[in-house]
file my_file-v2.cif (mmCIF, C-alpha atoms)
data_structure
loop_
_atom_site.label_atom_id
_atom_site.label_comp_id
_atom_site.auth_asym_id
_atom_site.auth_seq_id
_atom_site.Cartn_x
_atom_site.Cartn_y
_atom_site.Cartn_z
CA MET H 1 -31.37 -150.57 138.85
CA THR H 2 -34.59 -148.56 139.00
CA ILE H 3 -37.57 -150.32 137.40
CA LYS H 4 -39.42 -147.78 135.27
CA VAL H 5 -43.14 -148.35 135.07
CA ALA H 6 -46.04 -147.20 132.93
CA LEU H 7 -49.45 -147.38 134.60
CA ALA H 8 -52.61 -147.54 132.50
CA GLY H 9 -55.93 -146.60 134.11
CA ALA H 10 -55.90 -143.67 136.53
CA GLY H 11 -59.20 -144.61 138.19
CA ALA H 12 -59.88 -145.92 141.69
CA PHE H 13 -57.63 -148.97 141.39
CA GLY H 14 -54.84 -147.24 139.48
CA ILE H 15 -54.56 -144.76 142.34
CA LYS H 16 -54.29 -147.66 144.84
CA HIS H 17 -51.29 -148.92 142.86
CA LEU H 18 -49.70 -145.45 142.72
CA ASP H 19 -50.08 -145.15 146.50
CA GLY H 20 -48.54 -148.59 147.04
CA ILE H 21 -45.60 -147.98 144.68
CA GLN H 22 -44.63 -144.87 146.66
CA ASN H 23 -43.60 -147.25 149.48
CA ILE H 24 -41.40 -149.45 147.26
CA ASP H 25 -37.72 -148.61 146.71
CA GLY H 26 -36.16 -148.87 143.25
CA VAL H 27 -39.38 -148.28 141.30
CA GLU H 28 -40.46 -145.16 139.42
CA VAL H 29 -43.71 -144.54 137.53
CA VAL H 30 -42.64 -142.63 134.41
CA SER H 31 -45.82 -142.73 132.32
CA LEU H 32 -49.54 -142.54 133.07
CA ILE H 33 -52.19 -143.56 130.56
CA SER H 34 -55.93 -142.98 130.89
CA ARG H 35 -59.01 -142.06 128.87
CA ASP H 36 -59.53 -138.44 130.00
CA LEU H 37 -56.33 -136.45 129.39
CA GLN H 38 -57.13 -133.59 131.77
CA LYS H 39 -58.02 -135.88 134.70
CA THR H 40 -54.94 -137.98 133.95
CA LYS H 41 -52.70 -134.89 134.07
CA GLU H 42 -54.16 -133.99 137.46
CA VAL H 43 -53.30 -137.44 138.85
CA ALA H 44 -49.85 -137.36 137.22
CA ASP H 45 -49.08 -133.98 138.79
CA LYS H 46 -50.04 -135.29 142.22
CA TYR H 47 -47.64 -138.26 141.90
CA GLY H 48 -44.85 -136.47 139.99
CA ILE H 49 -45.30 -138.49 136.79
CA LYS H 50 -43.87 -136.63 133.79
CA HIS H 51 -45.34 -138.44 130.77
CA VAL H 52 -49.12 -138.47 130.26
CA THR H 53 -51.09 -139.91 127.34
CA THR H 54 -54.43 -141.46 126.37
CA ASP H 55 -52.69 -144.03 124.11
CA LEU H 56 -51.07 -147.15 125.59
CA ALA H 57 -49.03 -147.65 122.39
CA GLU H 58 -47.31 -144.29 123.00
CA SER H 59 -46.11 -145.45 126.41
CA LEU H 60 -45.08 -148.88 125.10
CA ALA H 61 -42.88 -147.10 122.54
CA LEU H 62 -40.85 -145.45 125.35
CA LYS H 63 -37.55 -147.32 125.60
CA GLU H 64 -37.12 -146.44 129.27
CA VAL H 65 -40.32 -148.30 130.25
CA ASP H 66 -39.45 -151.73 131.69
CA ALA H 67 -42.86 -152.78 132.98
CA VAL H 68 -46.55 -151.93 132.73
CA ILE H 69 -49.40 -152.17 135.24
CA LEU H 70 -52.84 -152.35 133.63
CA CYS H 71 -55.81 -151.06 135.67
CA THR H 72 -58.09 -150.65 132.68
CA PRO H 73 -61.61 -151.94 131.91
CA THR H 74 -62.01 -155.72 131.96
CA GLN H 75 -62.79 -155.94 128.24
CA MET H 76 -59.33 -154.52 127.39
CA HIS H 77 -57.21 -156.72 129.65
CA ALA H 78 -56.21 -159.58 127.35
CA GLU H 79 -55.60 -157.37 124.31
CA GLN H 80 -53.52 -154.84 126.27
CA THR H 81 -51.53 -157.56 128.07
CA LEU H 82 -50.64 -159.04 124.66
CA ALA H 83 -49.58 -155.58 123.43
CA CYS H 84 -47.26 -155.15 126.45
CA LEU H 85 -45.64 -158.55 125.93
CA LYS H 86 -45.20 -157.90 122.20
CA ALA H 87 -43.47 -154.62 123.11
CA GLY H 88 -41.04 -156.53 125.34
CA LYS H 89 -42.42 -155.17 128.61
CA HIS H 90 -43.08 -157.07 131.82
CA VAL H 91 -46.75 -156.73 132.69
CA GLN H 92 -49.09 -156.94 135.66
CA VAL H 93 -52.76 -156.86 134.68
CA GLU H 94 -55.45 -156.24 137.25
CA ILE H 95 -58.01 -158.98 137.74
CA PRO H 96 -59.45 -160.49 135.58
CA LEU H 97 -56.76 -161.67 133.17
CA ALA H 98 -59.39 -161.86 130.43
CA ASP H 99 -63.14 -161.96 129.89
CA SER H 100 -62.96 -165.14 127.81
CA LEU H 101 -61.03 -168.41 127.85
CA LYS H 102 -59.48 -167.61 124.46
CA GLY H 103 -58.13 -164.32 125.80
CA ALA H 104 -56.48 -166.12 128.73
CA GLN H 105 -55.07 -168.81 126.41
CA ASP H 106 -53.57 -166.21 124.07
CA VAL H 107 -51.86 -164.37 126.93
CA LEU H 108 -50.43 -167.56 128.43
CA ALA H 109 -49.10 -168.71 125.05
CA LEU H 110 -47.34 -165.39 124.38
CA GLN H 111 -45.92 -165.22 127.92
CA LYS H 112 -44.34 -168.64 127.40
CA GLN H 113 -42.79 -167.44 124.12
CA THR H 114 -41.39 -164.21 125.54
CA ASP H 115 -40.46 -165.48 129.03
CA LEU H 116 -41.31 -162.02 130.40
CA VAL H 117 -42.87 -161.62 133.85
CA ALA H 118 -46.65 -161.63 133.35
CA MET H 119 -48.76 -161.50 136.48
CA CYS H 120 -52.44 -161.06 137.24
CA GLY H 121 -53.68 -159.03 140.21
CA HIS H 122 -55.33 -161.77 142.26
CA THR H 123 -54.98 -159.59 145.36
CA ARG H 124 -56.48 -162.11 147.80
CA ARG H 125 -53.30 -164.19 147.54
CA PHE H 126 -51.44 -161.19 149.01
CA ASN H 127 -53.81 -159.80 151.66
CA PRO H 128 -52.21 -160.46 155.08
CA SER H 129 -55.43 -162.05 156.38
CA HIS H 130 -55.37 -164.70 153.64
CA GLN H 131 -51.57 -165.06 153.86
CA TYR H 132 -51.99 -165.90 157.57
CA VAL H 133 -54.40 -168.73 156.70
CA ASN H 134 -52.08 -169.89 153.90
CA GLN H 135 -49.15 -170.06 156.32
CA LYS H 136 -51.21 -172.26 158.67
CA ILE H 137 -52.09 -174.53 155.73
CA THR H 138 -48.47 -174.70 154.52
CA ALA H 139 -47.31 -175.58 158.05
CA GLY H 140 -49.82 -178.45 158.13
CA GLU H 141 -51.76 -176.88 161.02
CA PHE H 142 -55.02 -176.21 159.13
CA ASN H 143 -56.87 -177.86 156.27
CA ILE H 144 -59.90 -176.34 154.58
CA GLN H 145 -63.10 -178.37 154.68
CA GLN H 146 -65.34 -175.60 153.37
CA MET H 147 -65.17 -171.96 152.32
CA ASP H 148 -68.24 -169.72 152.43
CA VAL H 149 -67.76 -166.49 150.48
CA GLN H 150 -70.04 -163.49 149.99
CA THR H 151 -69.20 -160.82 147.40
CA TYR H 152 -71.71 -158.00 147.76
CA PHE H 153 -72.10 -154.57 146.16
CA PHE H 154 -74.88 -152.06 145.75
CA ARG H 155 -74.36 -151.21 142.11
CA ARG H 156 -77.63 -150.74 140.28
CA THR H 157 -76.04 -147.96 138.24
CA ASN H 158 -72.70 -148.06 136.42
CA THR H 159 -70.34 -146.46 138.95
CA ASN H 160 -66.86 -147.28 140.22
CA ALA H 161 -65.49 -147.72 143.75
CA LEU H 162 -65.31 -143.93 144.12
CA GLY H 163 -68.96 -143.51 143.08
CA GLN H 164 -67.98 -142.04 139.71
CA ALA H 165 -69.66 -142.87 136.39
CA ARG H 166 -67.84 -145.61 134.52
CA SER H 167 -67.21 -146.23 130.83
CA TRP H 168 -67.60 -150.03 131.09
CA THR H 169 -69.81 -152.66 132.68
CA ASP H 170 -68.58 -154.81 135.57
CA HIS H 171 -69.27 -158.56 135.66
CA LEU H 172 -69.96 -160.88 138.60
CA LEU H 173 -68.55 -164.00 136.92
CA TRP H 174 -65.53 -162.81 134.93
CA HIS H 175 -64.40 -160.20 137.45
CA HIS H 176 -65.66 -160.70 140.99
CA ALA H 177 -65.94 -164.50 141.04
CA ALA H 178 -62.39 -164.75 139.67
CA HIS H 179 -60.99 -163.60 143.04
CA SER H 180 -62.66 -166.36 145.04
CA VAL H 181 -62.39 -169.16 142.46
CA ASP H 182 -58.62 -168.63 142.33
CA LEU H 183 -58.27 -168.19 146.10
CA PHE H 184 -60.17 -171.40 146.84
CA ALA H 185 -57.90 -173.53 144.62
CA TYR H 186 -54.79 -171.67 145.88
CA GLN H 187 -55.61 -172.10 149.58
CA CYS H 188 -56.60 -175.74 149.14
CA ASN H 189 -53.46 -176.30 147.02
CA SER H 190 -55.76 -178.48 144.97
CA PRO H 191 -57.41 -178.04 141.54
CA ILE H 192 -61.14 -177.45 141.18
CA VAL H 193 -62.78 -180.61 139.84
CA GLN H 194 -66.45 -179.66 140.00
CA ALA H 195 -68.20 -176.31 139.50
CA ASN H 196 -71.86 -175.30 139.26
CA ALA H 197 -73.53 -171.90 138.84
CA ILE H 198 -76.98 -170.33 138.68
CA GLN H 199 -77.80 -166.67 138.11
CA GLY H 200 -80.70 -164.30 138.68
CA PRO H 201 -82.47 -162.10 136.10
CA ILE H 202 -80.46 -160.12 133.52
CA HIS H 203 -80.57 -156.35 134.17
CA PRO H 204 -82.54 -154.66 131.34
CA VAL H 205 -80.04 -151.78 130.96
CA LEU H 206 -76.68 -153.18 132.08
CA GLY H 207 -77.21 -156.52 130.31
CA ILE H 208 -75.65 -158.57 133.13
CA ALA H 209 -76.90 -160.81 135.92
CA MET H 210 -77.12 -158.89 139.19
CA ASP H 211 -77.11 -162.01 141.39
CA MET H 212 -75.20 -165.28 141.13
CA SER H 213 -74.51 -168.42 143.16
CA ILE H 214 -71.50 -170.70 142.56
CA GLN H 215 -70.54 -174.08 144.08
CA LEU H 216 -67.00 -175.46 143.80
CA LYS H 217 -65.29 -178.68 144.82
CA ALA H 218 -61.52 -179.23 144.94
CA ALA H 219 -59.72 -182.51 144.29
CA SER H 220 -58.88 -182.50 148.02
CA GLY H 221 -62.60 -182.85 148.79
CA ALA H 222 -62.98 -179.30 150.12
CA ILE H 223 -66.05 -177.37 148.96
CA CYS H 224 -66.81 -173.68 148.44
CA THR H 225 -70.09 -171.77 148.26
CA LEU H 226 -69.86 -168.32 146.65
CA SER H 227 -72.74 -165.82 146.66
CA LEU H 228 -72.42 -162.65 144.54
CA SER H 229 -74.76 -159.67 144.22
CA PHE H 230 -74.90 -156.13 142.85
CA ASN H 231 -78.22 -155.66 144.70
CA ASN H 232 -77.05 -155.80 148.31
CA ASP H 233 -77.90 -152.63 150.24
CA GLY H 234 -75.44 -153.14 153.08
CA PRO H 235 -71.71 -153.56 153.74
CA LEU H 236 -69.80 -153.75 150.44
CA GLY H 237 -66.98 -156.12 149.61
CA THR H 238 -66.10 -159.79 150.03
CA PHE H 239 -66.34 -161.72 153.28
CA PHE H 240 -64.74 -165.14 153.73
CA ARG H 241 -65.40 -167.92 156.22
CA TYR H 242 -62.75 -170.65 156.26
CA ILE H 243 -64.07 -173.76 157.98
CA GLY H 244 -61.24 -176.22 158.64
CA ASP H 245 -60.26 -179.30 160.59
CA SER H 246 -58.71 -177.32 163.45
CA ALA H 247 -60.20 -173.81 163.38
CA THR H 248 -62.59 -171.39 161.70
CA TYR H 249 -61.37 -168.06 160.32
CA LEU H 250 -63.35 -165.03 159.14
CA ALA H 251 -61.55 -162.72 156.73
CA ARG H 252 -62.93 -159.24 156.04
CA TYR H 253 -60.66 -157.10 153.90
CA ASP H 254 -57.34 -157.01 155.79
CA ASP H 255 -58.85 -158.07 159.13
CA LEU H 256 -58.98 -161.65 160.35
CA PHE H 257 -61.07 -163.14 163.16
CA THR H 258 -61.65 -166.54 164.70
CA GLY H 259 -65.02 -168.18 164.23
CA LYS H 260 -65.97 -166.67 167.60
CA GLU H 261 -65.19 -163.14 166.34
CA GLU H 262 -61.90 -162.82 168.24
CA LYS H 263 -59.55 -160.56 166.28
CA ILE H 264 -56.25 -162.08 165.09
CA ASP H 265 -53.20 -159.81 164.75
CA VAL H 266 -51.95 -160.06 161.15
CA SER H 267 -49.75 -156.95 161.26
CA LYS H 268 -46.53 -159.01 161.31
CA VAL H 269 -47.49 -161.37 158.46
CA ALA H 270 -45.87 -159.18 155.76
CA VAL H 271 -43.97 -155.90 155.37
CA SER H 272 -47.23 -154.04 154.74
CA MET H 273 -50.92 -154.40 155.52
CA ASN H 274 -51.78 -153.22 151.99
CA GLY H 275 -52.57 -156.14 149.66
CA ILE H 276 -52.08 -154.03 146.51
CA GLU H 277 -48.65 -152.88 147.68
CA LEU H 278 -47.66 -156.48 148.51
CA GLN H 279 -48.86 -157.58 145.08
CA ASP H 280 -46.74 -154.86 143.43
CA ARG H 281 -43.72 -155.80 145.57
CA GLU H 282 -44.00 -159.38 144.27
CA PHE H 283 -44.22 -158.16 140.66
CA PHE H 284 -41.09 -156.01 140.93
CA ALA H 285 -39.16 -158.64 142.93
CA ALA H 286 -39.90 -161.25 140.23
CA ILE H 287 -38.54 -158.88 137.57
CA GLN H 288 -35.38 -158.16 139.58
CA GLU H 289 -34.83 -161.83 140.45
CA GLY H 290 -35.75 -163.21 137.02
CA ARG H 291 -38.34 -165.63 138.39
CA GLU H 292 -42.00 -166.51 138.09
CA PRO H 293 -44.16 -164.42 140.45
CA ASN H 294 -46.88 -165.68 142.73
CA SER H 295 -50.12 -165.11 140.77
CA SER H 296 -48.37 -165.47 137.42
CA VAL H 297 -50.53 -165.87 134.33
CA ALA H 298 -49.59 -169.57 134.30
CA GLN H 299 -50.63 -170.06 137.95
CA VAL H 300 -54.03 -168.37 137.61
CA PHE H 301 -54.95 -169.80 134.19
CA ASN H 302 -57.03 -172.68 135.62
CA CYS H 303 -59.32 -170.14 137.30
CA TYR H 304 -60.32 -168.83 133.86
CA GLN H 305 -60.93 -172.36 132.60
CA VAL H 306 -63.39 -172.79 135.49
CA LEU H 307 -65.06 -169.43 134.74
CA HIS H 308 -65.42 -170.47 131.10
CA ASN H 309 -67.04 -173.77 132.12
CA LEU H 310 -69.45 -171.89 134.41
CA GLU H 311 -70.32 -169.45 131.64
CA GLN H 312 -71.14 -172.40 129.36
CA GLN H 313 -73.49 -173.73 132.05
CA LEU H 314 -75.18 -170.36 132.52
CA ASN H 315 -75.63 -169.86 128.78
CA GLY H 316 -76.85 -173.42 128.28
#

call {"tool": "encode", "arguments": {"input": "my_file-v2.cif", "output": "structure tokens"}}
result
Amino acid sequence: MTIKVALAGAGAFGIKHLDGIQNIDGVEVVSLISRDLQKTKEVADKYGIKHVTTDLAESLALKEVDAVILCTPTQMHAEQTLACLKAGKHVQVEIPLADSLKGAQDVLALQKQTDLVAMCGHTRRFNPSHQYVNQKITAGEFNIQQMDVQTYFFRRTNTNALGQARSWTDHLLWHHAAHSVDLFAYQCNSPIVQANAIQGPIHPVLGIAMDMSIQLKAASGAICTLSLSFNNDGPLGTFFRYIGDSATYLARYDDLFTGKEEKIDVSKVAVSMNGIELQDREFFAAIQEGREPNSSVAQVFNCYQVLHNLEQQLNG
């Protein structure tokens, strides 16, 4: 059975998914949805996608569509995920699941009612570098004492990963912190029991904090320090230091090093080195096998409870 997919959001991340899906057997993208019809047609032509629209509802009405991948602006995620579930479609929504606790609660409640596969793109769970560390933890060979995480961008104007103007505003807490808050609890296999946050000045035009610092503690006793900035004029992305009881690991994108900067070969950890492709493989395998995926809405929900609590602190 070929899984037929509609993909919404033909921007930088949507294209990463399209590239990854090309390597996965038994999956076909049959519909592409995005804001600018002409640009969407150009992407669709490149990937051989026949149906193009600017309206998600039009794609959801297609009987042949089994599943939807949402790579749309953060503010649309919860509402669009609900629409997919109501239409009877399996859905993978890019991170974050929602930009409010209520949005996350609504999605989880509907997923439980429908029993459809609903997954959120917490890619760090799938990157081979982080999978390597997780395998060490699962085998009982490594336990996290502390994680030090830096998420840095140079984004003083509203542009995407390709440097193109964007129709929406990014957010350090509800988008970028979500990756590391979830990863910390996932790698520790322990819920977050304490969380603190402070933020820098609010940008006069973008209306968001450009700098943020977050502290987390897991029930296991492990701690995490997360620094986030849109002001950093230097290497972009997220850099992780795992300090454990038997080793130190440095994860940078899909590369992993020891604490002494010795490179670790992670090429055999999974069938691909591409975290997005591995994430998509898990989504489609869960549909085919009728099971809950890693990074399901239910599994990542606690992350959004923590983000909500941090937002309350920051607004207080």

call {"tool": "closest_residue", "arguments": {"input": "my_file-v2.cif", "among": "H:Asp211, H:Arg155, H:Gly14, H:Asp280", "to": "Leu236 of chain H", "atoms": "all atoms listed in the file"}}
result
H:Arg155

call {"tool": "residues_around", "arguments": {"input": "my_file-v2.cif", "residues": "Asp25 of chain H", "least_positions_apart": "2", "cutoff": "10 Å", "atoms": "only C-alpha atoms", "output": "MDAnalysis selection string"}}
result
chainID H and resid 2:3 21:23 27:28 281 284

call {"tool": "write_last_selection", "arguments": {"input": "my_file-v2.cif", "atoms": "C-alpha atoms", "output": "mmCIF file, keeping the file's coordinate frame"}}
result
data_model
loop_
_atom_site.group_PDB
_atom_site.id
_atom_site.type_symbol
_atom_site.label_atom_id
_atom_site.label_comp_id
_atom_site.auth_asym_id
_atom_site.auth_seq_id
_atom_site.Cartn_x
_atom_site.Cartn_y
_atom_site.Cartn_z
ATOM 1 C CA THR H 2 -34.590 -148.560 139.000
ATOM 2 C CA ILE H 3 -37.570 -150.320 137.400
ATOM 3 C CA ILE H 21 -45.600 -147.980 144.680
ATOM 4 C CA GLN H 22 -44.630 -144.870 146.660
ATOM 5 C CA ASN H 23 -43.600 -147.250 149.480
ATOM 6 C CA VAL H 27 -39.380 -148.280 141.300
ATOM 7 C CA GLU H 28 -40.460 -145.160 139.420
ATOM 8 C CA ARG H 281 -43.720 -155.800 145.570
ATOM 9 C CA PHE H 284 -41.090 -156.010 140.930
#

call {"tool": "residues_around", "arguments": {"input": "my_file-v2.cif", "residues": "Ser227 of chain H", "least_positions_apart": "3", "cutoff": "12 Å", "atoms": "only C-alpha atoms", "output": "NGL selection string"}}
result
:H and (147-153 or 172-173 or 176-177 or 180-181 or 197-200 or 210-216 or 224 or 230-232 or 237-240)

call {"tool": "resolve_selection", "arguments": {"input": "my_file-v2.cif", "expression": "the PyMOL selection byres ((chain H and resi 291-299) around 10)", "output": "JSON, numbers by chain"}}
result
{"H": [92, 93, 97, 104, 105, 107, 108, 109, 111, 112, 115, 116, 117, 118, 119, 120, 121, 122, 123, 124, 125, 126, 182, 186, 279, 282, 283, 284, 285, 286, 287, 288, 289, 290, 300, 301, 302, 303]}

call {"tool": "write_last_selection", "arguments": {"input": "my_file-v2.cif", "atoms": "C-alpha atoms", "output": "compact mmCIF listing (two decimals), in the coordinates of the input"}}
result
# COMPACT_ATOMS: atom_id res chain seq x y z
CA GLN H 92 -49.09 -156.94 135.66
CA VAL H 93 -52.76 -156.86 134.68
CA LEU H 97 -56.76 -161.67 133.17
CA ALA H 104 -56.48 -166.12 128.73
CA GLN H 105 -55.07 -168.81 126.41
CA VAL H 107 -51.86 -164.37 126.93
CA LEU H 108 -50.43 -167.56 128.43
CA ALA H 109 -49.10 -168.71 125.05
CA GLN H 111 -45.92 -165.22 127.92
CA LYS H 112 -44.34 -168.64 127.40
CA ASP H 115 -40.46 -165.48 129.03
CA LEU H 116 -41.31 -162.02 130.40
CA VAL H 117 -42.87 -161.62 133.85
CA ALA H 118 -46.65 -161.63 133.35
CA MET H 119 -48.76 -161.50 136.48
CA CYS H 120 -52.44 -161.06 137.24
CA GLY H 121 -53.68 -159.03 140.21
CA HIS H 122 -55.33 -161.77 142.26
CA THR H 123 -54.98 -159.59 145.36
CA ARG H 124 -56.48 -162.11 147.80
CA ARG H 125 -53.30 -164.19 147.54
CA PHE H 126 -51.44 -161.19 149.01
CA ASP H 182 -58.62 -168.63 142.33
CA TYR H 186 -54.79 -171.67 145.88
CA GLN H 279 -48.86 -157.58 145.08
CA GLU H 282 -44.00 -159.38 144.27
CA PHE H 283 -44.22 -158.16 140.66
CA PHE H 284 -41.09 -156.01 140.93
CA ALA H 285 -39.16 -158.64 142.93
CA ALA H 286 -39.90 -161.25 140.23
CA ILE H 287 -38.54 -158.88 137.57
CA GLN H 288 -35.38 -158.16 139.58
CA GLU H 289 -34.83 -161.83 140.45
CA GLY H 290 -35.75 -163.21 137.02
CA VAL H 300 -54.03 -168.37 137.61
CA PHE H 301 -54.95 -169.80 134.19
CA ASN H 302 -57.03 -172.68 135.62
CA CYS H 303 -59.32 -170.14 137.30

call {"tool": "resolve_selection", "arguments": {"input": "my_file-v2.cif", "expression": "the PyMOL selection byres ((chain H and resi 17) around 9)", "output": "list of chain:residue names"}}
result
H:Leu7, H:Phe13, H:Gly14, H:Ile15, H:Lys16, H:Leu18, H:Asp19, H:Gly20, H:Ile21, H:Gln22, H:Ile69, H:Cys71, H:Ile276, H:Glu277, H:Asp280

call {"tool": "closest_residue", "arguments": {"input": "my_file-v2.cif", "among": "H:Asn143, H:Asn127, H:Gln75, H:Thr53", "to": "Ala6 of chain H", "atoms": "only C-alpha atoms"}}
result
H:Thr53

call {"tool": "closest_residue", "arguments": {"input": "my_file-v2.cif", "among": "H:Thr72, H:Ile192, H:Phe154, H:Met273", "to": "Asp233 of chain H", "atoms": "only C-alpha atoms"}}
result
H:Phe154

call {"tool": "resolve_selection", "arguments": {"input": "my_file-v2.cif", "expression": "the PyMOL selection byres ((chain H and resi 263) around 12)", "output": "list in words"}}
result
Ser129, Tyr249, Leu250, Ala251, Arg252, Asp254, Asp255, Leu256, Phe257, Thr258, Gly259, Lys260, Glu261, Glu262, Ile264, Asp265, Val266 and Ser267 of chain H

call {"tool": "atom_distance", "arguments": {"input": "my_file-v2.cif", "atom1": "atom CA of Asp245 of chain H", "atom2": "atom CA of Ile137 of chain H"}}
result
10.6 Å

call {"tool": "closest_residue", "arguments": {"input": "my_file-v2.cif", "among": "H:Ala195, H:Ala57, H:Ile208, H:Ala185", "to": "Gln313 of chain H", "atoms": "all atoms listed in the file"}}
result
H:Ala195

call {"tool": "closest_residue", "arguments": {"input": "my_file-v2.cif", "among": "H:Gly244, H:Gly140, H:Gly221, H:Pro128", "to": "Ser272 of chain H", "atoms": "only C-alpha atoms"}}
result
H:Pro128

call {"tool": "atom_distance", "arguments": {"input": "my_file-v2.cif", "atom1": "atom CA of Lys89 of chain H", "atom2": "atom CA of Asp36 of chain H"}}
result
24.0 Å

call {"tool": "closest_residue", "arguments": {"input": "my_file-v2.cif", "among": "H:His308, H:Lys4, H:Lys217, H:Arg35", "to": "Ala178 of chain H", "atoms": "all atoms listed in the file"}}
result
H:His308
